[in-house]
Amino acid sequence: AQSVTQPDIHITVSEGASLELRCNYSYGATPYLFWYVQSPGQGLQLLLKYFSGDTLVQGIKGFEAEFKRSQSSFNLRKPSVHWSDAAEYFCAVGAQGNEKLTFGTGTRLTIIP
Amino acid sequence: EAQVTQNPRYLITVTGKKLTVTCSQNMNHEYMSWYRQDPGLGLRQIYYSMNVEVTDKGDVPEGYKVSRKEKRNFPLILESPSPNQTSLYFCASSPFNTGAQYFGPGTRLTVL
C-alpha cells in the first residue's frame with residue numbers, strides 16, 4: 001500500500017529565508033508525486049507534480065521539488081519565502097492509471113517578519 | 001471559469017437526519033473523488049469514481065454513499081449521519097491518468 005510521511009507538523013520561517021518541506025513516500029513502483037497548498041479556509045491547490053523525467057520539477061509561486069528515488073523523498077523548496085506563503089502544505093503519492101491519491105498529514109508553515 | 005463547486009459550504013445537522021452534499025465540475029473530467037479532512041490526519045479518501053456509473057470505495061467509506069449518474073456531478077450522501085462524521089469535506093476531479101486533481105472549496109459539516 002502506498003503511504004506518505006511528512007515528518008514536520010509545523011515549521012516557522014522568517015520572511016525572505018529559504019524553505020524546505022520534507023516528504024517521504026512508500027510505493028512499490030514509480031510513483032506520481034504531488035505537492036498541494038491549502039490556504040486558510042480554502043481548498044487545495046496543486047503546486048507541482050512529478051510523473052517522470054527530470055527529477056527537479058518547477059511549480060507555481062516559485063516552488064520546486066526534487067524527486068530522489070534512492071531516498072524515497074520528494075522535498076519541496078523555495079529560495080525566499082513571502083508572507084503569503086503561510087499555509088498548510090500536503091504531499092501526495094499516486095499511481096499511473098489509478099487516480100487514487102494518498103496524502104500526508106500536512107506541514108503547517110508560519111512566516112514571521 | 002473551470003471549477004469544482006460544492007454545496008452547501010457549511011452545514012449543521014443532527015444525528016440520523018439524511019443529508020446530501022453536492023459536487024459539480026465543469027471541466028469534463030472523468031475522475032471525481034470525495035475526501036474528508038480531520039486535524040492531524042490529513043485528507044482521507046471516502047469514495048471515488050473513474051467515470052459515469054463507476055464508483056469504488058476509498059479508505060474510509062463507512063457511513064457514506066455516492067452516485068455518478070452524470071459526468072459532471074458526484075454527490076455524497078450520508079444516510080444516517082453520526083457525530084464522528086463531523087469534518088471538512090472536499091470534492092475533487094481530474095482528467096483521467098494525470099493525477100492532478102482540482103479541489104472544491106470544501107464543506108464544513110457538523111453533526112450534533
# chains A, B, ... in the order shown; residues from 1 in each chain; ligands from 1
call {"tool": "closest_atom_pairs", "arguments": {"of": "chain A", "to": "chain B", "cutoff": "12 Å", "atoms": "only C-alpha atoms", "output": "CSV"}}
result
residue,atom,partner,partner_atom,distance
A:Ala1,CA,B:Asp59,CA,11.2
A:Gln2,CA,B:Asp59,CA,11.7
A:Ser3,CA,B:Arg44,CA,11.5
A:Val4,CA,B:Gly42,CA,10.4
A:Thr5,CA,B:Gly42,CA,10.6
A:Gln6,CA,B:Gly42,CA,10.2
A:Pro7,CA,B:Gly40,CA,11.8
A:Asp8,CA,B:Gly40,CA,11.5
A:Ile9,CA,B:Gly40,CA,8.4
A:His10,CA,B:Gly40,CA,11.1
A:Pro31,CA,B:Gly99,CA,10.6
A:Tyr32,CA,B:Gly99,CA,7.4
A:Leu33,CA,B:Gly99,CA,8.8
A:Phe34,CA,B:Ala100,CA,7.9
A:Trp35,CA,B:Ala100,CA,9.9
A:Tyr36,CA,B:Gln101,CA,9.6
A:Val37,CA,B:Phe103,CA,10.9
A:Gln38,CA,B:Pro105,CA,10.1
A:Ser39,CA,B:Pro105,CA,10.7
A:Pro40,CA,B:Pro105,CA,10.9
A:Gly41,CA,B:Pro105,CA,8.1
A:Gln42,CA,B:Pro105,CA,5.6
A:Gly43,CA,B:Pro105,CA,4.4
A:Leu44,CA,B:Phe103,CA,5.7
A:Gln45,CA,B:Phe103,CA,7.0
A:Leu46,CA,B:Ala100,CA,7.2
A:Leu47,CA,B:Ala100,CA,9.9
A:Leu48,CA,B:Ala100,CA,8.9
A:Lys49,CA,B:Ala100,CA,7.5
A:Tyr50,CA,B:Gly99,CA,10.0
A:Phe51,CA,B:Thr98,CA,8.6
A:Ser52,CA,B:Thr98,CA,11.9
A:Glu88,CA,B:Gly42,CA,10.2
A:Tyr89,CA,B:Gly42,CA,10.0
A:Phe90,CA,B:Gly42,CA,7.9
A:Cys91,CA,B:Gly42,CA,9.8
A:Ala92,CA,B:Leu43,CA,9.6
A:Val93,CA,B:Gly99,CA,9.1
A:Gly94,CA,B:Gly99,CA,6.8
A:Ala95,CA,B:Gly99,CA,7.8
A:Gln96,CA,B:Asn97,CA,6.2
A:Gly97,CA,B:Asn97,CA,5.1
A:Asn98,CA,B:Asn97,CA,6.9
A:Glu99,CA,B:Gly99,CA,5.4
A:Lys100,CA,B:Gly99,CA,7.7
A:Leu101,CA,B:Gly99,CA,7.4
A:Thr102,CA,B:Arg44,CA,7.4
A:Phe103,CA,B:Leu43,CA,5.9
A:Gly104,CA,B:Gly42,CA,6.0
A:Thr105,CA,B:Gly42,CA,3.9
A:Gly106,CA,B:Gly42,CA,6.0
A:Thr107,CA,B:Gly42,CA,9.6
A:Arg108,CA,B:Gly40,CA,10.7
call {"tool": "residues_around", "arguments": {"residues": "B:Gly16", "least_positions_apart": "6", "cutoff": "9 Å", "atoms": "only C-alpha atoms", "output": "short mmCIF file (atom, residue, chain, number, x, y, z; two decimals) with C-alpha atoms, in the first residue's frame"}}
result
data_model
loop_
_atom_site.label_atom_id
_atom_site.label_comp_id
_atom_site.auth_asym_id
_atom_site.auth_seq_id
_atom_site.Cartn_x
_atom_site.Cartn_y
_atom_site.Cartn_z
CA LEU B 78 -24.91 10.47 4.47
CA GLU B 79 -27.94 8.28 5.12
CA SER B 80 -27.74 8.48 8.91
CA PRO B 81 -25.07 10.96 9.98
CA SER B 82 -23.28 10.50 13.28
CA VAL B 111 -23.30 16.58 13.24
#
call {"tool": "residues_around", "arguments": {"residues": "B:Val21", "least_positions_apart": "4", "cutoff": "8 Å", "atoms": "only C-alpha atoms", "output": "PDB file with N, CA and C atoms, in the first residue's frame"}}
result
ATOM      1  N   GLN B   6     -19.111  22.977  -4.606  1.00  0.00           N
ATOM      2  CA  GLN B   6     -19.725  22.143  -3.587  1.00  0.00           C
ATOM      3  C   GLN B   6     -20.816  22.946  -2.894  1.00  0.00           C
ATOM      4  N   ASN B   7     -21.883  22.257  -2.563  1.00  0.00           N
ATOM      5  CA  ASN B   7     -22.955  22.872  -1.788  1.00  0.00           C
ATOM      6  C   ASN B   7     -23.570  21.856  -0.833  1.00  0.00           C
ATOM      7  N   PRO B   8     -23.882  22.313   0.385  1.00  0.00           N
ATOM      8  CA  PRO B   8     -23.593  23.648   0.917  1.00  0.00           C
ATOM      9  C   PRO B   8     -22.140  23.783   1.350  1.00  0.00           C
ATOM     10  N   PRO B  75     -22.503  13.461  -6.064  1.00  0.00           N
ATOM     11  CA  PRO B  75     -22.994  13.792  -4.728  1.00  0.00           C
ATOM     12  C   PRO B  75     -22.542  12.797  -3.663  1.00  0.00           C
ATOM     13  N   LEU B  76     -22.356  13.303  -2.475  1.00  0.00           N
ATOM     14  CA  LEU B  76     -22.005  12.495  -1.300  1.00  0.00           C
ATOM     15  C   LEU B  76     -23.230  12.438  -0.398  1.00  0.00           C
ATOM     16  N   ILE B  77     -23.629  11.231  -0.042  1.00  0.00           N
ATOM     17  CA  ILE B  77     -24.844  11.032   0.734  1.00  0.00           C
ATOM     18  C   ILE B  77     -24.490  10.426   2.084  1.00  0.00           C
ATOM     19  N   THR B 107     -16.714  21.641   2.279  1.00  0.00           N
ATOM     20  CA  THR B 107     -17.978  21.722   3.010  1.00  0.00           C
ATOM     21  C   THR B 107     -17.697  21.349   4.451  1.00  0.00           C
TER      22      THR B 107
END
call {"tool": "residues_around", "arguments": {"residues": "A:Leu76", "least_positions_apart": "4", "cutoff": "6 Å", "atoms": "only C-alpha atoms", "output": "PyMOL selection string"}}
result
chain A and resi 20-21+64-65
call {"tool": "select_by_dssp", "arguments": {"residues": "stretch 35-93 of chain B", "states": "strand (DSSP E)", "output": "ChimeraX atom specification"}}
result
/B:35-38,42-51,54-57,65-66,76-78,87-93
call {"tool": "residues_around", "arguments": {"residues": "A:Ala17", "least_positions_apart": "5", "cutoff": "9 Å", "atoms": "only C-alpha atoms", "output": "list of chain:residue names"}}
result
A:Lys78, A:Pro79, A:Ser80, A:Val81, A:His82
call {"tool": "select_by_dssp", "arguments": {"residues": "chain A", "states": "helix (DSSP H, G or I)", "output": "list in words"}}
result
Ile60, Lys61, Gly62, Arg69, Ser70, Gln71, Trp83, Ser84 and Asp85 of chain A
call {"tool": "write_last_selection", "arguments": {"atoms": "all heavy atoms", "output": "PDB file, in the first residue's frame"}}
result
ATOM      1  N   ILE A  60       4.284  26.358  -9.393  1.00  0.00           N
ATOM      2  CA  ILE A  60       3.805  27.732  -9.333  1.00  0.00           C
ATOM      3  C   ILE A  60       4.338  28.419  -8.085  1.00  0.00           C
ATOM      4  O   ILE A  60       4.844  27.754  -7.170  1.00  0.00           O
ATOM      5  CB  ILE A  60       2.263  27.788  -9.359  1.00  0.00           C
ATOM      6  CG1 ILE A  60       1.678  27.062  -8.142  1.00  0.00           C
ATOM      7  CG2 ILE A  60       1.731  27.174 -10.646  1.00  0.00           C
ATOM      8  CD1 ILE A  60       0.177  27.244  -7.975  1.00  0.00           C
ATOM      9  N   LYS A  61       4.247  29.727  -8.060  1.00  0.00           N
ATOM     10  CA  LYS A  61       4.607  30.547  -6.902  1.00  0.00           C
ATOM     11  C   LYS A  61       6.078  30.416  -6.514  1.00  0.00           C
ATOM     12  O   LYS A  61       6.434  30.671  -5.363  1.00  0.00           O
ATOM     13  CB  LYS A  61       3.716  30.219  -5.696  1.00  0.00           C
ATOM     14  CG  LYS A  61       2.237  30.332  -5.966  1.00  0.00           C
ATOM     15  CD  LYS A  61       1.404  30.115  -4.711  1.00  0.00           C
ATOM     16  CE  LYS A  61      -0.070  30.228  -5.024  1.00  0.00           C
ATOM     17  NZ  LYS A  61      -0.911  30.188  -3.821  1.00  0.00           N
ATOM     18  N   GLY A  62       6.925  30.016  -7.436  1.00  0.00           N
ATOM     19  CA  GLY A  62       8.354  29.935  -7.160  1.00  0.00           C
ATOM     20  C   GLY A  62       8.812  28.686  -6.432  1.00  0.00           C
ATOM     21  O   GLY A  62       9.967  28.599  -6.000  1.00  0.00           O
ATOM     22  N   ARG A  69      14.822   9.042  -5.805  1.00  0.00           N
ATOM     23  CA  ARG A  69      14.343   7.663  -5.687  1.00  0.00           C
ATOM     24  C   ARG A  69      15.089   6.912  -4.591  1.00  0.00           C
ATOM     25  O   ARG A  69      14.493   6.172  -3.821  1.00  0.00           O
ATOM     26  CB  ARG A  69      14.509   6.922  -7.022  1.00  0.00           C
ATOM     27  CG  ARG A  69      13.960   5.519  -7.019  1.00  0.00           C
ATOM     28  CD  ARG A  69      14.343   4.781  -8.297  1.00  0.00           C
ATOM     29  NE  ARG A  69      13.867   5.473  -9.468  1.00  0.00           N
ATOM     30  CZ  ARG A  69      12.646   5.304  -9.979  1.00  0.00           C
ATOM     31  NH1 ARG A  69      11.806   4.481  -9.402  1.00  0.00           N
ATOM     32  NH2 ARG A  69      12.289   5.939 -11.084  1.00  0.00           N
ATOM     33  N   SER A  70      16.384   7.116  -4.488  1.00  0.00           N
ATOM     34  CA  SER A  70      17.188   6.365  -3.518  1.00  0.00           C
ATOM     35  C   SER A  70      16.779   6.675  -2.083  1.00  0.00           C
ATOM     36  O   SER A  70      16.956   5.850  -1.179  1.00  0.00           O
ATOM     37  CB  SER A  70      18.672   6.676  -3.716  1.00  0.00           C
ATOM     38  OG  SER A  70      18.921   8.049  -3.496  1.00  0.00           O
ATOM     39  N   GLN A  71      16.235   7.867  -1.885  1.00  0.00           N
ATOM     40  CA  GLN A  71      15.814   8.265  -0.536  1.00  0.00           C
ATOM     41  C   GLN A  71      14.301   8.232  -0.368  1.00  0.00           C
ATOM     42  O   GLN A  71      13.791   8.570   0.701  1.00  0.00           O
ATOM     43  CB  GLN A  71      16.334   9.676  -0.227  1.00  0.00           C
ATOM     44  CG  GLN A  71      17.844   9.790  -0.262  1.00  0.00           C
ATOM     45  CD  GLN A  71      18.339  11.198  -0.032  1.00  0.00           C
ATOM     46  OE1 GLN A  71      17.626  12.054   0.480  1.00  0.00           O
ATOM     47  NE2 GLN A  71      19.577  11.473  -0.410  1.00  0.00           N
ATOM     48  N   TRP A  83       5.358  36.382   2.946  1.00  0.00           N
ATOM     49  CA  TRP A  83       4.336  36.206   3.985  1.00  0.00           C
ATOM     50  C   TRP A  83       3.120  35.459   3.441  1.00  0.00           C
ATOM     51  O   TRP A  83       2.443  34.720   4.157  1.00  0.00           O
ATOM     52  CB  TRP A  83       3.907  37.549   4.568  1.00  0.00           C
ATOM     53  CG  TRP A  83       3.265  38.478   3.578  1.00  0.00           C
ATOM     54  CD1 TRP A  83       3.852  39.444   2.839  1.00  0.00           C
ATOM     55  CD2 TRP A  83       1.877  38.493   3.212  1.00  0.00           C
ATOM     56  NE1 TRP A  83       2.935  40.070   2.050  1.00  0.00           N
ATOM     57  CE2 TRP A  83       1.709  39.516   2.250  1.00  0.00           C
ATOM     58  CE3 TRP A  83       0.755  37.760   3.616  1.00  0.00           C
ATOM     59  CZ2 TRP A  83       0.475  39.803   1.684  1.00  0.00           C
ATOM     60  CZ3 TRP A  83      -0.475  38.057   3.051  1.00  0.00           C
ATOM     61  CH2 TRP A  83      -0.606  39.061   2.081  1.00  0.00           C
ATOM     62  N   SER A  84       2.846  35.630   2.153  1.00  0.00           N
ATOM     63  CA  SER A  84       1.669  34.984   1.565  1.00  0.00           C
ATOM     64  C   SER A  84       1.842  33.472   1.410  1.00  0.00           C
ATOM     65  O   SER A  84       0.885  32.769   1.051  1.00  0.00           O
ATOM     66  CB  SER A  84       1.365  35.595   0.202  1.00  0.00           C
ATOM     67  OG  SER A  84       2.461  35.431  -0.677  1.00  0.00           O
ATOM     68  N   ASP A  85       3.037  32.960   1.675  1.00  0.00           N
ATOM     69  CA  ASP A  85       3.258  31.514   1.600  1.00  0.00           C
ATOM     70  C   ASP A  85       2.765  30.785   2.849  1.00  0.00           C
ATOM     71  O   ASP A  85       2.756  29.541   2.880  1.00  0.00           O
ATOM     72  CB  ASP A  85       4.739  31.210   1.393  1.00  0.00           C
ATOM     73  CG  ASP A  85       5.249  31.665   0.046  1.00  0.00           C
ATOM     74  OD1 ASP A  85       4.483  31.575  -0.944  1.00  0.00           O
ATOM     75  OD2 ASP A  85       6.411  32.117  -0.036  1.00  0.00           O
TER      76      ASP A  85
END
call {"tool": "atom_distance", "arguments": {"atom1": "atom CA of B:Glu53", "atom2": "atom CA of B:Arg68"}}
result
5.2 Å
call {"tool": "closest_residue", "arguments": {"among": "B:Lys65, B:Gln25, B:Glu30, B:Leu19", "to": "B:Thr5", "atoms": "only C-alpha atoms"}}
result
B:Gln25
call {"tool": "residues_around", "arguments": {"residues": "B:Arg108", "least_positions_apart": "5", "cutoff": "9 Å", "atoms": "only C-alpha atoms", "output": "ChimeraX atom specification"}}
result
/B:8-12,86-90
call {"tool": "closest_residue", "arguments": {"among": "B:Thr22, B:Gln3, B:Phe74, B:Ile46", "to": "B:Glu62", "atoms": "only C-alpha atoms"}}
result
B:Ile46
call {"tool": "atom_distance", "arguments": {"atom1": "atom CA of A:Val57", "atom2": "atom CA of A:Ser73"}}
result
13.2 Å
call {"tool": "closest_residue", "arguments": {"among": "B:Ala2, B:Thr15, B:Cys23, B:Lys71", "to": "B:Pro83", "atoms": "only C-alpha atoms"}}
result
B:Thr15
call {"tool": "decode", "arguments": {"residues": "stretch 43-59 of chain A", "atoms": "all heavy atoms", "output": "PDB file, in the first residue's frame"}}
result
ATOM      1  N   GLY A  43      -9.717  25.566  -0.407  1.00  0.00           N
ATOM      2  CA  GLY A  43      -9.456  24.215  -0.871  1.00  0.00           C
ATOM      3  C   GLY A  43      -7.983  24.026  -1.177  1.00  0.00           C
ATOM      4  O   GLY A  43      -7.162  24.904  -0.907  1.00  0.00           O
ATOM      5  N   LEU A  44      -7.637  22.902  -1.737  1.00  0.00           N
ATOM      6  CA  LEU A  44      -6.247  22.604  -2.056  1.00  0.00           C
ATOM      7  C   LEU A  44      -5.931  23.016  -3.485  1.00  0.00           C
ATOM      8  O   LEU A  44      -6.718  22.796  -4.402  1.00  0.00           O
ATOM      9  CB  LEU A  44      -5.968  21.108  -1.891  1.00  0.00           C
ATOM     10  CG  LEU A  44      -5.725  20.620  -0.475  1.00  0.00           C
ATOM     11  CD1 LEU A  44      -6.992  20.545   0.323  1.00  0.00           C
ATOM     12  CD2 LEU A  44      -5.013  19.266  -0.500  1.00  0.00           C
ATOM     13  N   GLN A  45      -4.742  23.579  -3.645  1.00  0.00           N
ATOM     14  CA  GLN A  45      -4.282  23.996  -4.959  1.00  0.00           C
ATOM     15  C   GLN A  45      -3.011  23.236  -5.293  1.00  0.00           C
ATOM     16  O   GLN A  45      -2.091  23.129  -4.465  1.00  0.00           O
ATOM     17  CB  GLN A  45      -4.011  25.504  -4.961  1.00  0.00           C
ATOM     18  CG  GLN A  45      -3.531  26.035  -6.299  1.00  0.00           C
ATOM     19  CD  GLN A  45      -3.209  27.510  -6.257  1.00  0.00           C
ATOM     20  OE1 GLN A  45      -2.956  28.087  -5.193  1.00  0.00           O
ATOM     21  NE2 GLN A  45      -3.212  28.148  -7.406  1.00  0.00           N
ATOM     22  N   LEU A  46      -2.939  22.721  -6.507  1.00  0.00           N
ATOM     23  CA  LEU A  46      -1.768  21.981  -6.936  1.00  0.00           C
ATOM     24  C   LEU A  46      -0.594  22.930  -7.141  1.00  0.00           C
ATOM     25  O   LEU A  46      -0.681  23.877  -7.908  1.00  0.00           O
ATOM     26  CB  LEU A  46      -2.067  21.233  -8.231  1.00  0.00           C
ATOM     27  CG  LEU A  46      -0.935  20.405  -8.814  1.00  0.00           C
ATOM     28  CD1 LEU A  46      -0.572  19.250  -7.879  1.00  0.00           C
ATOM     29  CD2 LEU A  46      -1.321  19.859 -10.187  1.00  0.00           C
ATOM     30  N   LEU A  47       0.530  22.647  -6.459  1.00  0.00           N
ATOM     31  CA  LEU A  47       1.746  23.440  -6.624  1.00  0.00           C
ATOM     32  C   LEU A  47       2.619  22.880  -7.745  1.00  0.00           C
ATOM     33  O   LEU A  47       3.138  23.624  -8.572  1.00  0.00           O
ATOM     34  CB  LEU A  47       2.571  23.429  -5.339  1.00  0.00           C
ATOM     35  CG  LEU A  47       2.176  24.365  -4.202  1.00  0.00           C
ATOM     36  CD1 LEU A  47       3.070  24.122  -3.007  1.00  0.00           C
ATOM     37  CD2 LEU A  47       2.243  25.813  -4.645  1.00  0.00           C
ATOM     38  N   LEU A  48       2.813  21.573  -7.723  1.00  0.00           N
ATOM     39  CA  LEU A  48       3.645  20.936  -8.731  1.00  0.00           C
ATOM     40  C   LEU A  48       3.431  19.432  -8.683  1.00  0.00           C
ATOM     41  O   LEU A  48       2.844  18.913  -7.737  1.00  0.00           O
ATOM     42  CB  LEU A  48       5.130  21.272  -8.515  1.00  0.00           C
ATOM     43  CG  LEU A  48       5.718  21.119  -7.116  1.00  0.00           C
ATOM     44  CD1 LEU A  48       6.038  19.701  -6.770  1.00  0.00           C
ATOM     45  CD2 LEU A  48       6.971  21.984  -6.968  1.00  0.00           C
ATOM     46  N   LYS A  49       3.941  18.767  -9.734  1.00  0.00           N
ATOM     47  CA  LYS A  49       3.770  17.324  -9.817  1.00  0.00           C
ATOM     48  C   LYS A  49       4.987  16.706 -10.499  1.00  0.00           C
ATOM     49  O   LYS A  49       5.646  17.341 -11.325  1.00  0.00           O
ATOM     50  CB  LYS A  49       2.508  16.973 -10.586  1.00  0.00           C
ATOM     51  CG  LYS A  49       2.510  17.485 -12.023  1.00  0.00           C
ATOM     52  CD  LYS A  49       1.164  17.252 -12.696  1.00  0.00           C
ATOM     53  CE  LYS A  49       1.171  17.814 -14.113  1.00  0.00           C
ATOM     54  NZ  LYS A  49      -0.139  17.696 -14.773  1.00  0.00           N
ATOM     55  N   TYR A  50       5.263  15.467 -10.157  1.00  0.00           N
ATOM     56  CA  TYR A  50       6.312  14.698 -10.805  1.00  0.00           C
ATOM     57  C   TYR A  50       5.701  13.406 -11.327  1.00  0.00           C
ATOM     58  O   TYR A  50       5.082  12.645 -10.583  1.00  0.00           O
ATOM     59  CB  TYR A  50       7.446  14.368  -9.830  1.00  0.00           C
ATOM     60  CG  TYR A  50       8.412  13.379 -10.423  1.00  0.00           C
ATOM     61  CD1 TYR A  50       9.369  13.796 -11.347  1.00  0.00           C
ATOM     62  CD2 TYR A  50       8.357  12.034 -10.107  1.00  0.00           C
ATOM     63  CE1 TYR A  50      10.243  12.895 -11.920  1.00  0.00           C
ATOM     64  CE2 TYR A  50       9.219  11.128 -10.670  1.00  0.00           C
ATOM     65  CZ  TYR A  50      10.157  11.551 -11.572  1.00  0.00           C
ATOM     66  OH  TYR A  50      11.019  10.648 -12.147  1.00  0.00           O
ATOM     67  N   PHE A  51       5.907  13.182 -12.633  1.00  0.00           N
ATOM     68  CA  PHE A  51       5.458  11.927 -13.237  1.00  0.00           C
ATOM     69  C   PHE A  51       6.655  11.106 -13.689  1.00  0.00           C
ATOM     70  O   PHE A  51       6.727   9.913 -13.440  1.00  0.00           O
ATOM     71  CB  PHE A  51       4.544  12.198 -14.431  1.00  0.00           C
ATOM     72  CG  PHE A  51       3.152  12.642 -14.052  1.00  0.00           C
ATOM     73  CD1 PHE A  51       2.223  12.966 -15.028  1.00  0.00           C
ATOM     74  CD2 PHE A  51       2.758  12.760 -12.738  1.00  0.00           C
ATOM     75  CE1 PHE A  51       0.947  13.376 -14.690  1.00  0.00           C
ATOM     76  CE2 PHE A  51       1.484  13.170 -12.381  1.00  0.00           C
ATOM     77  CZ  PHE A  51       0.575  13.484 -13.376  1.00  0.00           C
ATOM     78  N   SER A  52       7.577  11.740 -14.377  1.00  0.00           N
ATOM     79  CA  SER A  52       8.758  11.048 -14.889  1.00  0.00           C
ATOM     80  C   SER A  52       9.705  12.108 -15.415  1.00  0.00           C
ATOM     81  O   SER A  52       9.400  13.301 -15.425  1.00  0.00           O
ATOM     82  CB  SER A  52       8.390  10.057 -15.987  1.00  0.00           C
ATOM     83  OG  SER A  52       7.871  10.746 -17.108  1.00  0.00           O
ATOM     84  N   GLY A  53      10.897  11.666 -15.861  1.00  0.00           N
ATOM     85  CA  GLY A  53      11.829  12.588 -16.486  1.00  0.00           C
ATOM     86  C   GLY A  53      12.669  13.340 -15.471  1.00  0.00           C
ATOM     87  O   GLY A  53      13.100  12.771 -14.459  1.00  0.00           O
ATOM     88  N   ASP A  54      12.905  14.600 -15.743  1.00  0.00           N
ATOM     89  CA  ASP A  54      13.753  15.427 -14.896  1.00  0.00           C
ATOM     90  C   ASP A  54      13.290  15.362 -13.443  1.00  0.00           C
ATOM     91  O   ASP A  54      12.124  15.602 -13.146  1.00  0.00           O
ATOM     92  CB  ASP A  54      13.720  16.870 -15.390  1.00  0.00           C
ATOM     93  CG  ASP A  54      14.793  17.734 -14.765  1.00  0.00           C
ATOM     94  OD1 ASP A  54      15.418  17.296 -13.775  1.00  0.00           O
ATOM     95  OD2 ASP A  54      15.013  18.851 -15.257  1.00  0.00           O
ATOM     96  N   THR A  55      14.212  15.049 -12.559  1.00  0.00           N
ATOM     97  CA  THR A  55      13.825  14.852 -11.162  1.00  0.00           C
ATOM     98  C   THR A  55      13.622  16.159 -10.398  1.00  0.00           C
ATOM     99  O   THR A  55      13.134  16.141  -9.282  1.00  0.00           O
ATOM    100  CB  THR A  55      14.879  14.009 -10.436  1.00  0.00           C
ATOM    101  OG1 THR A  55      16.149  14.654 -10.562  1.00  0.00           O
ATOM    102  CG2 THR A  55      14.953  12.605 -11.032  1.00  0.00           C
ATOM    103  N   LEU A  56      14.006  17.262 -10.992  1.00  0.00           N
ATOM    104  CA  LEU A  56      13.769  18.569 -10.380  1.00  0.00           C
ATOM    105  C   LEU A  56      12.614  19.209 -11.127  1.00  0.00           C
ATOM    106  O   LEU A  56      12.721  19.488 -12.321  1.00  0.00           O
ATOM    107  CB  LEU A  56      15.020  19.438 -10.455  1.00  0.00           C
ATOM    108  CG  LEU A  56      14.935  20.802  -9.761  1.00  0.00           C
ATOM    109  CD1 LEU A  56      14.735  20.628  -8.265  1.00  0.00           C
ATOM    110  CD2 LEU A  56      16.187  21.622 -10.045  1.00  0.00           C
ATOM    111  N   VAL A  57      11.517  19.421 -10.435  1.00  0.00           N
ATOM    112  CA  VAL A  57      10.332  19.970 -11.093  1.00  0.00           C
ATOM    113  C   VAL A  57      10.025  21.356 -10.541  1.00  0.00           C
ATOM    114  O   VAL A  57      10.182  21.611  -9.354  1.00  0.00           O
ATOM    115  CB  VAL A  57       9.119  19.040 -10.925  1.00  0.00           C
ATOM    116  CG1 VAL A  57       9.333  17.748 -11.661  1.00  0.00           C
ATOM    117  CG2 VAL A  57       8.820  18.771  -9.468  1.00  0.00           C
ATOM    118  N   GLN A  58       9.597  22.199 -11.446  1.00  0.00           N
ATOM    119  CA  GLN A  58       9.232  23.558 -11.069  1.00  0.00           C
ATOM    120  C   GLN A  58       7.722  23.667 -10.963  1.00  0.00           C
ATOM    121  O   GLN A  58       6.981  23.037 -11.728  1.00  0.00           O
ATOM    122  CB  GLN A  58       9.741  24.548 -12.122  1.00  0.00           C
ATOM    123  CG  GLN A  58      11.236  24.483 -12.362  1.00  0.00           C
ATOM    124  CD  GLN A  58      12.037  24.852 -11.141  1.00  0.00           C
ATOM    125  OE1 GLN A  58      11.681  25.769 -10.394  1.00  0.00           O
ATOM    126  NE2 GLN A  58      13.148  24.151 -10.916  1.00  0.00           N
ATOM    127  N   GLY A  59       7.279  24.464 -10.026  1.00  0.00           N
ATOM    128  CA  GLY A  59       5.852  24.645  -9.859  1.00  0.00           C
ATOM    129  C   GLY A  59       5.473  26.108  -9.875  1.00  0.00           C
ATOM    130  O   GLY A  59       6.255  26.972 -10.263  1.00  0.00           O
TER     131      GLY A  59
END
